[in-house]
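For reference, protein39.txt (compact mmCIF, C-alpha atoms):
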```
# COMPACT_ATOMS: atom_id res chain seq x y z
CA MET J 19 -10.96 16.10 -27.78
CA SER J 20 -10.75 14.85 -24.19
CA SER J 21 -7.39 14.41 -22.51
CA GLN J 22 -6.74 10.95 -21.15
CA VAL J 23 -4.15 9.95 -18.59
CA SER J 24 -1.62 7.32 -19.60
CA PHE J 25 -2.49 3.74 -18.61
CA LEU J 26 0.65 3.56 -16.46
CA ALA J 27 0.01 6.87 -14.70
CA ARG J 28 -3.60 6.21 -13.69
CA ASP J 29 -4.45 5.70 -10.03
CA ASP J 30 -6.51 2.60 -10.73
CA THR J 31 -4.12 0.66 -12.97
CA MET J 32 -4.79 -3.10 -12.82
CA PHE J 33 -7.67 -3.11 -10.34
CA GLY J 34 -6.08 -0.53 -8.02
CA VAL J 35 -4.31 -3.06 -5.78
CA CYS J 36 -0.98 -1.23 -5.73
CA GLU J 37 -2.75 2.10 -5.31
CA ALA J 38 -4.73 0.80 -2.32
CA ILE J 39 -1.65 -0.70 -0.65
CA GLY J 40 0.32 2.50 -1.21
CA GLU J 41 -2.55 4.58 0.15
CA ASP J 42 -2.94 2.40 3.25
CA PHE J 43 0.77 2.30 4.07
CA GLY J 44 1.62 5.83 2.92
CA PHE J 45 4.04 5.32 0.03
CA ASN J 46 4.03 5.90 -3.71
CA PRO J 47 2.40 2.91 -5.46
CA PHE J 48 4.76 3.31 -8.42
CA TYR J 49 7.51 1.60 -6.40
CA LEU J 50 5.28 -1.41 -5.75
CA ARG J 51 4.34 -1.57 -9.42
CA VAL J 52 8.02 -1.59 -10.41
CA LEU J 53 8.75 -4.30 -7.83
CA LEU J 54 5.91 -6.47 -9.12
CA ALA J 55 7.03 -5.97 -12.73
CA PHE J 56 10.55 -7.06 -11.76
CA LEU J 57 9.37 -10.06 -9.72
CA ILE J 58 7.01 -11.31 -12.40
CA PHE J 59 10.06 -12.37 -14.44
CA TRP J 60 11.32 -14.40 -11.47
CA ASN J 61 8.13 -16.37 -10.74
CA PRO J 62 4.99 -15.18 -12.53
CA VAL J 63 2.64 -17.73 -10.94
CA VAL J 64 3.53 -16.67 -7.39
CA VAL J 65 3.42 -12.95 -8.18
CA ILE J 66 0.08 -13.09 -10.00
CA SER J 67 -1.38 -15.30 -7.25
CA ALA J 68 -0.18 -12.89 -4.57
CA TYR J 69 -1.63 -9.97 -6.54
CA ILE J 70 -5.01 -11.68 -6.78
CA VAL J 71 -5.01 -12.60 -3.08
CA ALA J 72 -4.04 -9.04 -2.15
CA GLY J 73 -6.82 -7.71 -4.37
CA ILE J 74 -9.40 -9.96 -2.74
CA ALA J 75 -8.14 -9.08 0.76
CA ILE J 76 -8.29 -5.35 -0.01
CA ALA J 77 -11.78 -5.67 -1.48
CA VAL J 78 -13.03 -7.56 1.57
CA LEU J 79 -11.40 -5.14 4.02
CA ARG J 80 -12.73 -2.10 2.16
CA TRP J 81 -16.18 -3.68 2.15
CA MET J 82 -16.04 -4.49 5.87
CA VAL J 83 -14.56 -1.14 6.91
CA PRO J 84 -15.57 1.34 4.19
CA ASN J 85 -14.37 4.57 5.79
CA ALA J 86 -11.93 3.84 8.57
CA PRO J 87 -11.27 7.04 10.52
CA ALA J 88 -7.71 8.30 10.51
CA THR J 89 -5.98 8.18 13.88
CA PRO J 90 -5.01 11.63 15.18
CA ALA J 91 -1.30 12.31 15.34
```

Can the structure in the file be given as structure tokens, please?
Amino acid sequence: MSSQVSFLARDDTMFGVCEAIGEDFGFNPFYLRVLLAFLIFWNPVVVISAYIVAGIAIAVLRWMVPNAPATPA
């Protein structure tokens, strides 16, 4: 039997948008997921639209700059 990671604990949950933003800005994507879950009760149309736009922007940026070199500290 293969072990599977929980849907909420996977790195690529819901298209990986929160994971990509967290990776790019250096924070845990769990906090962004919790914020989006909270905000979706306030205005779901705006939150889902922003999520889709962010996903498209991340996809385009990752396509245009596939392996951006890290800046030395």

Among listed residues J:Tyr49, J:Phe43, J:Phe33, J:Trp81, nearest J:Tyr69 (using only C-alpha atoms): J:Phe33

Selection: 10 Å around J:Val65, only C-alpha atoms, excl. self and same-chain fewer than 5 positions, as a count of residues only: 9

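Here atom CA of J:Ile74 is placed at a distance of 15.2 Å from atom CA of J:Asp42.
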
Separation of atom CA of J:Ala77 from atom CA of J:Pro62, in Å and rounded to one decimal: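 Calculated distance between atom CA of J:Ala77 and atom CA of J:Pro62 is 22.2 Å.
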
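Between atom CA of J:Ile39 and atom CA of J:Gly73 there is a distance of 9.5 Å.
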